[in-house]
$ cat protein03.cif   # mmCIF, C-alpha atoms
data_structure
#
loop_
_atom_site.group_PDB
_atom_site.id
_atom_site.type_symbol
_atom_site.label_atom_id
_atom_site.label_comp_id
_atom_site.auth_asym_id
_atom_site.auth_seq_id
_atom_site.Cartn_x
_atom_site.Cartn_y
_atom_site.Cartn_z
ATOM 1 C CA MET A 1 0.000 0.000 0.000
ATOM 2 C CA GLY A 2 1.204 3.489 -0.842
ATOM 3 C CA ARG A 3 1.671 6.043 1.899
ATOM 4 C CA LEU A 4 -1.110 8.582 2.199
ATOM 5 C CA LYS A 5 -0.061 12.178 2.487
ATOM 6 C CA SER A 6 -0.631 13.410 6.026
ATOM 7 C CA LYS A 7 -1.298 17.012 5.003
ATOM 8 C CA LYS A 8 -4.981 17.567 4.332
ATOM 9 C CA MET A 9 -6.110 19.508 1.297
ATOM 10 C CA ILE A 10 -9.097 21.816 1.724
ATOM 11 C CA ILE A 11 -11.486 22.595 -1.117
ATOM 12 C CA TYR A 12 -13.426 25.850 -0.958
ATOM 13 C CA ASN A 13 -16.425 25.036 -3.137
ATOM 14 C CA VAL A 14 -18.676 27.798 -4.472
ATOM 15 C CA THR A 15 -21.827 26.515 -6.165
ATOM 16 C CA THR A 16 -23.505 29.138 -8.346
ATOM 17 C CA ASN A 17 -26.707 29.147 -10.352
ATOM 18 C CA ILE A 18 -26.396 31.737 -13.088
ATOM 19 C CA HIS A 19 -29.275 33.083 -15.180
ATOM 20 C CA GLU A 20 -29.105 32.311 -18.913
ATOM 21 C CA SER A 21 -29.247 36.024 -19.786
ATOM 22 C CA VAL A 22 -25.811 36.660 -18.221
ATOM 23 C CA HIS A 23 -24.326 33.170 -18.490
ATOM 24 C CA ASP A 24 -21.726 33.860 -21.193
ATOM 25 C CA GLN A 25 -20.633 37.115 -19.547
ATOM 26 C CA TRP A 26 -20.352 35.405 -16.134
ATOM 27 C CA LEU A 27 -18.351 32.434 -17.443
ATOM 28 C CA LYS A 28 -15.897 34.699 -19.319
ATOM 29 C CA TRP A 29 -15.532 36.897 -16.202
ATOM 30 C CA MET A 30 -14.924 33.840 -14.009
ATOM 31 C CA GLN A 31 -12.297 32.364 -16.341
ATOM 32 C CA GLU A 32 -10.477 35.552 -17.342
ATOM 33 C CA LYS A 33 -10.767 37.798 -14.279
ATOM 34 C CA HIS A 34 -12.343 36.430 -11.091
ATOM 35 C CA ILE A 35 -10.522 33.104 -10.720
ATOM 36 C CA PRO A 36 -7.118 34.530 -11.778
ATOM 37 C CA GLU A 37 -7.532 37.322 -9.202
ATOM 38 C CA ILE A 38 -8.436 34.847 -6.455
ATOM 39 C CA LEU A 39 -5.441 32.666 -7.361
ATOM 40 C CA ALA A 40 -3.265 35.804 -7.275
ATOM 41 C CA THR A 41 -3.956 36.097 -3.517
ATOM 42 C CA ASN A 42 -1.602 33.073 -3.253
ATOM 43 C CA LYS A 43 -4.010 31.404 -0.841
ATOM 44 C CA PHE A 44 -5.064 28.699 -3.315
ATOM 45 C CA SER A 45 -2.886 26.362 -5.368
ATOM 46 C CA SER A 46 -5.407 25.858 -8.161
ATOM 47 C CA ALA A 47 -9.059 26.091 -9.119
ATOM 48 C CA ARG A 48 -11.469 24.340 -11.413
ATOM 49 C CA ILE A 49 -14.925 25.034 -12.788
ATOM 50 C CA VAL A 50 -17.277 22.098 -13.162
ATOM 51 C CA LYS A 51 -20.780 22.210 -14.577
ATOM 52 C CA VAL A 52 -23.511 20.598 -12.493
ATOM 53 C CA LEU A 53 -25.467 18.269 -14.760
ATOM 54 C CA ILE A 54 -28.944 18.887 -13.408
ATOM 55 C CA GLU A 55 -32.065 20.583 -14.699
ATOM 56 C CA GLU A 56 -32.818 23.321 -12.175
ATOM 57 C CA GLU A 57 -36.513 23.938 -11.477
ATOM 58 C CA MET A 58 -35.751 27.636 -11.224
ATOM 59 C CA GLY A 59 -33.904 27.584 -14.536
ATOM 60 C CA GLY A 60 -30.392 28.866 -15.038
ATOM 61 C CA ILE A 61 -27.168 26.899 -15.258
ATOM 62 C CA THR A 62 -25.325 25.661 -12.178
ATOM 63 C CA TYR A 63 -21.567 25.461 -11.705
ATOM 64 C CA SER A 64 -19.302 24.378 -8.900
ATOM 65 C CA VAL A 65 -16.066 26.324 -8.660
ATOM 66 C CA GLN A 66 -13.498 24.529 -6.524
ATOM 67 C CA TYR A 67 -10.506 26.341 -5.050
ATOM 68 C CA PHE A 68 -7.780 24.156 -3.539
ATOM 69 C CA THR A 69 -5.850 25.299 -0.470
ATOM 70 C CA ASP A 70 -3.474 23.761 2.050
ATOM 71 C CA SER A 71 -5.349 24.394 5.299
ATOM 72 C CA LYS A 72 -8.423 25.706 7.056
ATOM 73 C CA ALA A 73 -6.212 28.493 8.466
ATOM 74 C CA THR A 74 -5.321 29.695 4.955
ATOM 75 C CA LEU A 75 -8.998 29.632 4.003
ATOM 76 C CA GLU A 76 -9.901 31.681 7.100
ATOM 77 C CA LYS A 77 -7.244 34.198 6.072
ATOM 78 C CA TYR A 78 -8.875 34.424 2.634
ATOM 79 C CA TYR A 79 -12.272 35.087 4.270
ATOM 80 C CA LEU A 80 -10.805 37.910 6.343
ATOM 81 C CA GLU A 81 -8.518 39.561 3.803
ATOM 82 C CA ASP A 82 -10.032 38.940 0.382
ATOM 83 C CA ALA A 83 -13.521 37.436 0.242
ATOM 84 C CA PRO A 84 -15.573 40.606 0.919
ATOM 85 C CA LYS A 85 -14.224 42.527 -2.085
ATOM 86 C CA PHE A 86 -14.619 39.535 -4.420
ATOM 87 C CA ARG A 87 -18.199 38.905 -3.280
ATOM 88 C CA GLN A 88 -19.026 42.588 -3.654
ATOM 89 C CA GLU A 89 -17.762 42.697 -7.233
ATOM 90 C CA ALA A 90 -19.828 39.620 -8.157
ATOM 91 C CA LEU A 91 -22.928 41.231 -6.629
ATOM 92 C CA GLU A 92 -22.368 44.492 -8.473
ATOM 93 C CA LEU A 93 -21.961 42.715 -11.805
ATOM 94 C CA PHE A 94 -24.605 40.005 -11.582
ATOM 95 C CA ALA A 95 -26.918 41.029 -8.699
ATOM 96 C CA ASP A 96 -30.131 38.992 -8.744
ATOM 97 C CA LYS A 97 -29.055 36.951 -11.801
ATOM 98 C CA MET A 98 -26.745 34.837 -9.631
ATOM 99 C CA LEU A 99 -27.323 32.683 -6.560
ATOM 100 C CA SER A 100 -24.336 31.174 -4.747
ATOM 101 C CA PHE A 101 -23.697 29.013 -1.730
ATOM 102 C CA ARG A 102 -20.380 27.925 -0.301
ATOM 103 C CA THR A 103 -19.138 24.642 1.139
ATOM 104 C CA GLU A 104 -15.830 23.737 2.755
ATOM 105 C CA LEU A 105 -14.583 20.266 1.877
ATOM 106 C CA GLU A 106 -11.651 18.264 3.251
ATOM 107 C CA VAL A 107 -9.875 15.767 1.033
ATOM 108 C CA ILE A 108 -9.512 12.523 3.006
ATOM 109 C CA SER A 109 -7.644 10.479 0.410
ATOM 110 C CA GLU A 110 -6.979 10.335 -3.293
ATOM 111 C CA HIS A 111 -6.875 7.046 -5.220
#

$ encode --input "protein03.cif" --output "structure tokens"
Amino acid sequence: MGRLKSKKMIIYNVTTNIHESVHDQWLKWMQEKHIPEILATNKFSSARIVKVLIEEEMGGITYSVQYFTDSKATLEKYYLEDAPKFRQEALELFADKMLSFRTELEVISEH
């Protein structure tokens, strides 16, 4: 059996339902501006966007954006130092066309 890494990876997962009318603008903004700026805080090692394959009753398209970081402490630092300005910008741009919720995940093992 291979040795499991003892250091736990944390995934900051932001699930967003985005209205069709602003979908293309949102996705471009996420890929070209928002995610690069979050990665530039140096609090996350990488990020990925995944599409949720579900028909939402409320309509719209749902994505999960996963940001990978080394510890809960680093994530807490992000919340304190960076998160408010990023959330504010998203609200200003997409207001009621976007609904997000956030989940913290801990990687237990990778196979």

$ resolve_selection --input "protein03.cif" --expression "the PyMOL selection byres ((chain A and resi 17) around 6)" --output "NGL selection string"
:A and (16 or 18 or 60-62 or 98-99)

$ resolve_selection --input "protein03.cif" --expression "the PyMOL selection byres ((chain A and resi 46-52) around 8)" --output "ChimeraX atom specification"
/A:35,39,44-45,53-54,61-69

$ closest_residue --input "protein03.cif" --among "A:Pro36, A:Leu27, A:Lys43, A:Phe94" --to "Glu81 in chain A" --atoms "only C-alpha atoms"
A:Lys43

$ resolve_selection --input "protein03.cif" --expression "the PyMOL selection byres ((chain A and resi 104-106) around 10)" --output "list in words"
Lys8, Met9, Ile10, Ile11, Tyr12, Asn13, Val14, Gln66, Tyr67, Phe68, Thr69, Asp70, Ser71, Lys72, Leu75, Arg102, Thr103, Val107, Ile108 and Ser109 of chain A

$ atom_distance --input "protein03.cif" --atom1 "CA of Asp82 in chain A" --atom2 "CA of Trp26 in chain A"
19.8 Å

$ atom_distance --input "protein03.cif" --atom1 "CA of Glu57 in chain A" --atom2 "CA of Ser21 in chain A"
16.4 Å

$ axis_aligned_box --input "protein03.cif" --around "range 46-64 of chain A" --padding-each-side "5 Å" --output "AutoDock Vina command-line options"
--center_x -21.0 --center_y 23.6 --center_z -11.7 --size_x 41.1 --size_y 20.6 --size_z 17.1

$ atom_distance --input "protein03.cif" --atom1 "CA of Thr15 in chain A" --atom2 "CA of Phe101 in chain A"
5.4 Å

$ closest_residue --input "protein03.cif" --among "A:Met58, A:Glu110, A:Thr41, A:His34" --to "Gln88 in chain A" --atoms "all atoms listed in the file"
A:His34

$ closest_residue --input "protein03.cif" --among "A:Asn42, A:Asp96, A:His19, A:Gly59" --to "Tyr78 in chain A" --atoms "all atoms listed in the file"
A:Asn42
